[in-house]
$ cat structure_21.cif   # mmCIF, C-alpha atoms
data_target
#
loop_
_atom_site.label_atom_id
_atom_site.label_comp_id
_atom_site.auth_asym_id
_atom_site.auth_seq_id
_atom_site.Cartn_x
_atom_site.Cartn_y
_atom_site.Cartn_z
CA MET A 1099 -27.07 -6.78 63.06
CA ILE A 1100 -24.19 -8.17 61.03
CA ALA A 1101 -24.91 -5.65 58.28
CA VAL A 1102 -24.75 -2.84 60.82
CA CYS A 1103 -21.50 -4.25 62.21
CA VAL A 1104 -19.90 -4.54 58.79
CA SER A 1105 -21.06 -1.12 57.65
CA GLY A 1106 -19.81 0.34 60.90
CA CYS A 1107 -16.35 -1.00 60.14
CA ALA A 1108 -16.34 0.35 56.62
CA SER A 1109 -14.45 3.46 55.66
CA ALA A 1110 -14.21 5.17 52.31
CA PRO A 1111 -10.76 6.58 51.69
CA GLY A 1112 -10.84 9.13 48.92
CA TRP A 1113 -11.88 12.67 48.55
CA ARG A 1114 -15.21 12.82 50.35
CA PHE A 1115 -14.91 14.59 53.69
CA ALA A 1116 -17.21 16.28 56.16
CA GLU A 1117 -17.79 19.96 55.51
CA ASP A 1118 -17.25 21.11 59.08
CA PRO A 1119 -13.76 20.79 60.56
CA GLY A 1120 -13.13 18.63 63.60
CA VAL A 1121 -11.45 15.27 64.09
CA PRO A 1122 -11.41 13.48 67.48
CA ALA A 1123 -7.80 13.31 68.62
CA ASP A 1124 -5.47 12.86 71.57
CA VAL A 1125 -2.14 14.62 71.94
CA ARG A 1126 0.76 13.81 74.23
CA LEU A 1127 3.01 16.72 75.10
CA ARG A 1128 6.75 16.77 75.58
CA ASP A 1129 6.32 17.91 79.21
CA GLY A 1130 4.32 14.74 79.94
CA GLY A 1131 0.89 16.32 79.72
CA ALA A 1132 -1.94 15.09 77.52
CA LEU A 1133 -5.00 16.55 75.85
CA SER A 1134 -8.07 14.88 74.47
CA GLY A 1135 -10.56 16.67 72.29
CA THR A 1136 -11.42 17.66 68.74
CA LEU A 1137 -8.62 18.77 66.45
CA ILE A 1138 -9.93 21.74 64.49
CA GLU A 1139 -7.00 23.23 62.63
CA MET A 1140 -3.33 24.05 62.49
CA SER A 1141 -2.31 27.70 62.21
CA ASN A 1142 0.90 29.64 62.82
CA GLY A 1143 2.71 26.44 63.83
CA ALA A 1144 0.18 25.43 66.48
CA LEU A 1145 -2.60 22.87 66.69
CA VAL A 1146 -6.03 24.16 67.69
CA PHE A 1147 -8.13 21.82 69.84
CA ASP A 1148 -11.61 22.03 71.30
CA THR A 1149 -11.50 20.36 74.71
CA SER A 1150 -13.96 19.97 77.56
CA VAL A 1151 -13.03 21.73 80.80
CA GLU A 1152 -15.16 20.74 83.80
CA ARG A 1153 -16.72 23.63 85.63
CA GLY A 1154 -15.36 23.99 89.12
CA GLU A 1155 -14.42 26.45 91.80
CA ASP A 1156 -11.08 27.31 90.18
CA VAL A 1157 -12.49 27.56 86.65
CA GLU A 1158 -13.80 30.91 85.49
CA VAL A 1159 -14.62 32.69 82.26
CA ILE A 1160 -13.45 36.30 81.92
CA ARG A 1161 -14.46 38.47 79.02
CA ARG A 1162 -11.75 40.77 77.61
CA ASP A 1163 -11.93 42.77 74.40
CA GLY A 1164 -15.01 40.84 73.35
CA VAL A 1165 -13.40 37.42 73.85
CA ASP A 1166 -14.30 34.93 76.61
CA TYR A 1167 -11.11 33.53 78.13
CA VAL A 1168 -11.21 30.38 80.27
CA TYR A 1169 -9.03 30.45 83.37
CA ALA A 1170 -8.21 27.44 85.56
CA GLY A 1171 -6.34 28.15 88.77
CA GLY A 1172 -5.55 31.64 87.50
CA VAL A 1173 -3.93 30.34 84.30
CA VAL A 1174 -5.57 31.01 80.96
CA LEU A 1175 -6.36 27.75 79.15
CA GLY A 1176 -7.96 29.10 76.03
CA THR A 1177 -11.10 30.74 74.74
CA ALA A 1178 -14.64 29.60 75.52
CA VAL A 1179 -16.49 28.14 72.54
CA GLU A 1180 -19.57 26.97 74.44
CA ILE A 1181 -20.48 27.29 78.10
CA ARG A 1182 -22.58 24.31 79.21
CA ASP A 1183 -24.09 23.27 82.54
CA PHE A 1184 -21.27 20.97 83.62
CA ASP A 1185 -18.37 21.92 81.39
CA ILE A 1186 -16.95 24.56 79.08
CA VAL A 1187 -15.87 23.74 75.54
CA THR A 1188 -12.52 25.49 75.39
CA ARG A 1189 -10.47 26.19 72.29
CA ARG A 1190 -6.78 25.72 73.06
CA ARG A 1191 -3.64 26.22 71.04
CA VAL A 1192 -0.79 23.74 71.35
CA PRO A 1193 2.49 24.60 69.58
CA LEU A 1194 3.51 21.77 67.24
CA ARG A 1195 7.02 21.79 68.69
CA ASP A 1196 5.56 20.98 72.15
CA THR A 1197 3.77 17.84 70.93
CA GLU A 1198 5.26 14.39 71.47
CA GLU A 1199 2.60 12.40 69.65
CA LEU A 1200 -0.71 13.19 67.98
CA LEU A 1201 -3.24 10.37 67.70
CA ILE A 1202 -6.34 10.56 65.53
CA LYS A 1203 -9.40 8.64 66.76
CA SER A 1204 -10.90 6.81 63.85
CA ARG A 1205 -14.22 4.91 63.56
CA ALA A 1206 -15.19 5.80 67.12
CA TYR A 1207 -18.92 5.57 66.60
CA LEU A 1208 -20.04 4.44 70.04
CA GLY A 1209 -19.81 6.41 73.24
CA TRP A 1210 -21.44 6.72 76.65
CA GLY A 1211 -24.72 7.78 75.05
CA SER A 1212 -24.94 4.47 73.21
CA ALA A 1213 -24.27 2.55 76.42
CA VAL A 1214 -26.93 4.48 78.33
CA ALA A 1215 -29.44 3.99 75.50
CA GLY A 1216 -28.61 0.28 75.48
CA VAL A 1217 -29.25 -0.08 79.20
CA LEU A 1218 -32.53 1.82 78.91
CA ALA A 1219 -33.64 -0.36 75.99
CA PHE A 1220 -32.71 -3.49 77.96
CA PHE A 1221 -34.95 -2.59 80.89
CA LEU A 1222 -37.72 -1.27 78.65
CA VAL A 1223 -37.92 -4.54 76.74
CA GLN A 1224 -37.84 -6.50 80.00
CA VAL A 1225 -40.75 -4.45 81.35
CA LEU A 1226 -42.71 -4.86 78.11
CA GLU A 1227 -42.18 -8.61 78.15
CA GLU A 1228 -43.36 -8.89 81.74
CA THR A 1229 -46.51 -6.86 81.11
CA GLN A 1230 -47.57 -9.01 78.15
CA MET B 556 -29.97 -21.38 69.61
CA THR B 557 -30.02 -21.15 73.40
CA SER B 558 -30.55 -17.83 75.13
CA THR B 559 -27.00 -17.94 76.47
CA SER B 560 -25.49 -18.38 73.02
CA ARG B 561 -27.74 -15.62 71.67
CA ALA B 562 -26.53 -13.30 74.41
CA ALA B 563 -22.94 -14.27 73.63
CA ALA B 564 -23.51 -13.55 69.94
CA VAL B 565 -24.89 -10.11 70.75
CA VAL B 566 -21.95 -9.29 73.02
CA ALA B 567 -19.54 -10.50 70.34
CA CYS B 568 -21.19 -8.19 67.80
CA ALA B 569 -20.89 -5.30 70.23
CA LEU B 570 -17.21 -6.04 70.77
CA LEU B 571 -16.72 -6.29 67.01
CA LEU B 572 -18.15 -2.81 66.60
CA ALA B 573 -16.18 -1.42 69.53
CA GLY B 574 -13.05 -3.04 68.11
CA CYS B 575 -13.39 -0.99 64.94
CA ALA B 576 -12.58 2.15 66.92
CA ARG B 577 -8.89 2.92 66.99
CA ARG B 578 -6.29 5.61 67.64
CA VAL B 579 -3.87 6.16 64.80
CA PRO B 580 -0.64 8.18 65.08
CA VAL B 581 -0.83 11.10 62.71
CA ALA B 582 2.49 10.04 61.19
CA GLU B 583 0.93 6.70 60.13
CA LEU B 584 -2.44 7.72 58.71
CA GLU B 585 -1.76 6.29 55.27
CA ALA B 586 -0.12 3.10 56.54
CA ARG B 587 -3.06 2.40 58.88
CA ASP B 588 -5.65 3.37 56.25
CA ALA B 589 -7.20 6.14 58.33
CA SER B 590 -8.93 8.83 56.35
CA VAL B 591 -8.56 12.46 57.43
CA GLY B 592 -9.31 15.36 55.13
CA ALA B 593 -7.64 18.73 55.19
CA VAL B 594 -8.18 22.14 53.66
CA VAL B 595 -4.75 23.75 53.54
CA ARG B 596 -4.18 27.41 52.78
CA LEU B 597 -0.61 28.29 51.87
CA THR B 598 1.29 31.53 52.28
CA SER B 599 1.42 31.67 48.46
CA GLY B 600 -2.38 32.02 48.42
CA GLU B 601 -2.96 28.52 47.07
CA ALA B 602 -5.72 26.47 48.71
CA LEU B 603 -5.63 22.67 48.72
CA SER B 604 -8.53 20.33 49.48
CA CYS B 605 -6.79 17.09 50.19
CA ARG B 606 -6.41 13.94 52.19
CA LEU B 607 -3.86 14.09 55.02
CA LEU B 608 -1.36 11.23 54.81
CA SER B 609 0.98 12.25 57.62
CA LEU B 610 1.89 15.23 59.76
CA SER B 611 5.17 16.02 61.49
CA THR B 612 6.59 19.14 63.12
CA ASP B 613 8.20 20.04 59.79
CA ALA B 614 5.81 18.99 57.03
CA LEU B 615 2.45 17.66 55.96
CA GLU B 616 2.18 14.93 53.35
CA VAL B 617 -1.10 15.19 51.46
CA GLU B 618 -2.96 13.75 48.51
CA VAL B 619 -4.62 16.43 46.44
CA TYR B 620 -7.54 15.58 44.18
CA TYR B 621 -7.94 17.39 40.87
CA PRO B 622 -11.15 16.64 38.93
CA VAL B 623 -9.99 16.42 35.33
CA GLY B 624 -11.82 18.85 33.07
CA GLY B 625 -12.05 22.57 32.48
CA ASP B 626 -8.77 24.13 33.62
CA VAL B 627 -7.37 20.81 34.79
CA GLU B 628 -5.74 18.61 32.18
CA LEU B 629 -3.54 15.55 32.03
CA TRP B 630 -0.46 16.02 29.85
CA GLY B 631 2.07 13.43 28.74
CA THR B 632 1.99 9.67 28.89
CA GLY B 633 3.33 6.90 31.10
CA GLU B 634 5.75 8.07 33.78
CA ASP B 635 5.90 11.56 32.27
CA ARG B 636 2.21 12.08 32.84
CA ARG B 637 1.48 15.22 34.85
CA VAL B 638 -1.39 17.41 35.97
CA VAL B 639 -1.69 20.90 34.58
CA SER B 640 -4.06 23.44 36.07
CA GLY B 641 -4.58 26.81 34.43
CA GLY B 642 -1.64 26.13 32.12
CA GLU B 643 0.81 25.44 34.96
CA GLN B 644 1.98 22.08 36.24
CA VAL B 645 0.77 21.45 39.75
CA ALA B 646 3.29 20.71 42.47
CA GLY B 647 3.72 17.11 43.55
CA ASP B 648 3.79 13.65 41.98
CA LEU B 649 0.87 12.16 40.07
CA VAL B 650 -0.03 8.96 41.90
CA SER B 651 -3.08 7.74 40.01
CA VAL B 652 -6.08 8.76 37.94
CA GLU B 653 -9.34 7.54 39.47
CA ARG B 654 -12.46 6.99 37.42
CA ASP B 655 -15.99 7.47 38.75
CA GLY B 656 -18.31 6.76 35.87
CA VAL B 657 -17.45 9.23 33.11
CA SER B 658 -15.50 11.60 35.36
CA ARG B 659 -11.82 11.31 36.21
CA THR B 660 -9.89 12.61 39.20
CA ALA B 661 -6.12 12.97 39.27
CA VAL B 662 -4.54 12.14 42.63
CA VAL B 663 -1.33 14.06 43.31
CA ARG B 664 0.89 13.43 46.31
CA ARG B 665 2.73 16.41 47.75
CA MET B 666 4.86 17.45 50.72
CA VAL B 667 4.05 20.86 52.21
CA ALA B 668 6.34 22.50 54.74
CA VAL B 669 4.61 23.62 57.93
CA SER B 670 6.27 27.01 57.45
CA GLU B 671 4.33 27.42 54.17
CA VAL B 672 0.95 26.78 55.82
CA THR B 673 -1.21 29.72 56.86
CA THR B 674 -4.04 27.53 58.12
CA ALA B 675 -5.02 23.89 57.73
CA THR B 676 -8.41 22.61 58.90
CA PHE B 677 -8.94 18.90 59.50
CA HIS B 678 -12.10 16.99 58.56
CA ARG B 679 -13.51 13.51 59.20
CA SER B 680 -14.18 11.28 56.23
CA GLY B 681 -17.66 11.60 54.76
CA SER B 682 -18.58 8.02 55.59
CA GLU B 683 -17.53 8.32 59.23
CA ALA B 684 -19.35 11.62 59.61
CA SER B 685 -22.58 10.19 58.21
CA LEU B 686 -22.37 6.76 59.85
CA GLY B 687 -21.52 8.08 63.31
CA PRO B 688 -24.90 9.54 64.28
CA ILE B 689 -26.81 6.58 62.78
CA LEU B 690 -24.75 3.91 64.54
CA SER B 691 -24.59 5.71 67.87
CA LEU B 692 -28.39 6.14 67.76
CA LEU B 693 -29.25 2.59 66.73
CA VAL B 694 -26.62 0.21 68.03
CA GLY B 695 -26.99 0.84 71.77
CA PRO B 696 -30.77 0.30 71.88
CA VAL B 697 -30.60 -2.66 69.49
CA ILE B 698 -27.97 -4.44 71.60
CA GLY B 699 -29.88 -3.68 74.81
CA ALA B 700 -33.14 -4.98 73.34
CA LEU B 701 -31.50 -8.13 71.95
CA LEU B 702 -29.87 -8.87 75.29
CA ALA B 703 -33.21 -8.45 77.04
CA LEU B 704 -34.91 -10.80 74.58
CA SER B 705 -32.12 -13.37 74.93
CA ILE B 706 -32.21 -13.57 78.70
#
$ encode --input "structure_21.cif" --output "structure tokens"
Amino acid sequence: MIAVCVSGCASAPGWRFAEDPGVPADVRLRDGGALSGTLIEMSNGALVFDTSVERGEDVEVIRRDGVDYVYAGGVVLGTAVEIRDFDIVTRRRVPLRDTEELLIKSRAYLGWGSAVAGVLAFFLVQVLEETQ
Amino acid sequence: MTSTSRAAAVVACALLLAGCARRVPVAELEARDASVGAVVRLTSGEALSCRLLSLSTDALEVEVYYPVGGDVELWGTGEDRRVVSGGEQVAGDLVSVERDGVSRTAVVRRMVAVSEVTTATFHRSGSEASLGPILSLLVGPVIGALLALSI
């Protein structure tokens, strides 16, 4: 357990990086807004993020010229990367000049999936102990 | 060790792991030892595979890694040492020469104006990318099981 903890805290600065682009990040905008998602790239003076947009009554995907655009409340948010059951992964462009602060999430290994798996394991072990 | 202290130890380990997660301002990546890679394509046609040190609205500061050998050579000595690729000195300041067994890699620090960048993709460090799936798969169930056994 300690070994897992220590290895989980380790990082290896240097020149070895993942092949696919994408870094978890948060951005605060000058107008007070905020975005949370995966920072993919910077191009033409803008940051490109993949964010999750929850599917709802005012969210729709409209295809134009072969591209799926995501609209929320009649305003285009970005382009659809992946349409899932409960949300749409949307690629959005944020001009660098509109950003107040960009924060990179580092060493964020654990998420809701880990917590759910932990709860399931807890009850499973309890049941196994009681049946023995 | 009592069951209560075991449970406390497990929770402490979980908090230790959770405490390793952090949000780092992109202007302080080097100072906070956060590792983000970048592949930067410039308007000049040059492509850089590098480590991102900081990013502002005007410029990126990067560390570019040049494996020494073939077209890449180290010329000069001491403070005049420089990296030459294809007969031309590379832009930036030579920071260090890292050794990995018999191979050497020259680390060059460089400022790139945002206006010179066509595209720049950002990448997680190799260790984070490989550790992430393993830890997220194992840690939750292990902590849950240990808590169940402790209680």
$ residues_around --input "structure_21.cif" --residues "stretch 600-616 of chain B" --least-positions-apart "3" --cutoff "6 Å" --atoms "only C-alpha atoms" --output "PDB file with C-alpha atoms, keeping the file's coordinate frame"
ATOM      1  CA  LEU A1194       3.510  21.770  67.240  1.00  0.00           C
TER       2      LEU A1194
ATOM      3  CA  VAL B 581      -0.830  11.100  62.710  1.00  0.00           C
ATOM      4  CA  ALA B 582       2.490  10.040  61.190  1.00  0.00           C
ATOM      5  CA  LEU B 584      -2.440   7.720  58.710  1.00  0.00           C
ATOM      6  CA  GLU B 585      -1.760   6.290  55.270  1.00  0.00           C
ATOM      7  CA  VAL B 591      -8.560  12.460  57.430  1.00  0.00           C
ATOM      8  CA  GLY B 592      -9.310  15.360  55.130  1.00  0.00           C
ATOM      9  CA  ALA B 593      -7.640  18.730  55.190  1.00  0.00           C
ATOM     10  CA  VAL B 594      -8.180  22.140  53.660  1.00  0.00           C
ATOM     11  CA  VAL B 595      -4.750  23.750  53.540  1.00  0.00           C
ATOM     12  CA  ARG B 596      -4.180  27.410  52.780  1.00  0.00           C
ATOM     13  CA  LEU B 597      -0.610  28.290  51.870  1.00  0.00           C
ATOM     14  CA  VAL B 619      -4.620  16.430  46.440  1.00  0.00           C
ATOM     15  CA  ARG B 665       2.730  16.410  47.750  1.00  0.00           C
ATOM     16  CA  MET B 666       4.860  17.450  50.720  1.00  0.00           C
ATOM     17  CA  VAL B 667       4.050  20.860  52.210  1.00  0.00           C
ATOM     18  CA  ALA B 668       6.340  22.500  54.740  1.00  0.00           C
ATOM     19  CA  VAL B 669       4.610  23.620  57.930  1.00  0.00           C
TER      20      VAL B 669
END
$ atom_distance --input "structure_21.cif" --atom1 "atom CA of B:Val662" --atom2 "atom CA of B:Gly641"
16.8 Å
$ closest_residue --input "structure_21.cif" --among "B:Val579, B:Ala661, B:Ala700, B:Val652" --to "B:Ser640" --atoms "only C-alpha atoms"
B:Ala661
$ closest_residue --input "structure_21.cif" --among "A:Ala1144, A:Ser1150, A:Asp1163, A:Glu1180" --to "B:Val672" --atoms "all atoms listed in the file"
A:Ala1144
$ residues_around --input "structure_21.cif" --residues "A:Val1187" --least-positions-apart "2" --cutoff "12 Å" --atoms "all atoms listed in the file" --output "VMD selection string"
chain A and resid 1134 to 1136 1147 to 1153 1159 1166 to 1168 1175 to 1185 1189 to 1190
$ residues_near_point --input "structure_21.cif" --point "(-3.5, 14.5, 43.0)" --cutoff "10 Å" --atoms "only C-alpha atoms" --output "list of chain:residue names"
B:Cys605, B:Arg606, B:Val617, B:Glu618, B:Val619, B:Tyr620, B:Tyr621, B:Pro622, B:Arg637, B:Val638, B:Val645, B:Ala646, B:Gly647, B:Asp648, B:Leu649, B:Val650, B:Ser651, B:Val652, B:Glu653, B:Thr660, B:Ala661, B:Val662, B:Val663, B:Arg664, B:Arg665
$ residues_around --input "structure_21.cif" --residues "stretch 1121-1125 of chain A" --least-positions-apart "4" --cutoff "6 Å" --atoms "only C-alpha atoms" --output "mmCIF file with C-alpha atoms, in the frame of the given file"
data_model
loop_
_atom_site.group_PDB
_atom_site.id
_atom_site.type_symbol
_atom_site.label_atom_id
_atom_site.label_comp_id
_atom_site.auth_asym_id
_atom_site.auth_seq_id
_atom_site.Cartn_x
_atom_site.Cartn_y
_atom_site.Cartn_z
ATOM 1 C CA ALA A 1132 -1.940 15.090 77.520
ATOM 2 C CA LEU A 1133 -5.000 16.550 75.850
ATOM 3 C CA SER A 1134 -8.070 14.880 74.470
ATOM 4 C CA GLY A 1135 -10.560 16.670 72.290
ATOM 5 C CA THR A 1136 -11.420 17.660 68.740
ATOM 6 C CA LEU A 1137 -8.620 18.770 66.450
ATOM 7 C CA GLU A 1199 2.600 12.400 69.650
ATOM 8 C CA LEU A 1200 -0.710 13.190 67.980
ATOM 9 C CA LEU A 1201 -3.240 10.370 67.700
ATOM 10 C CA ILE A 1202 -6.340 10.560 65.530
ATOM 11 C CA LYS A 1203 -9.400 8.640 66.760
ATOM 12 C CA HIS B 678 -12.100 16.990 58.560
ATOM 13 C CA ARG B 679 -13.510 13.510 59.200
#
$ atom_distance --input "structure_21.cif" --atom1 "atom CA of B:Arg654" --atom2 "atom CA of B:Phe677"
25.3 Å
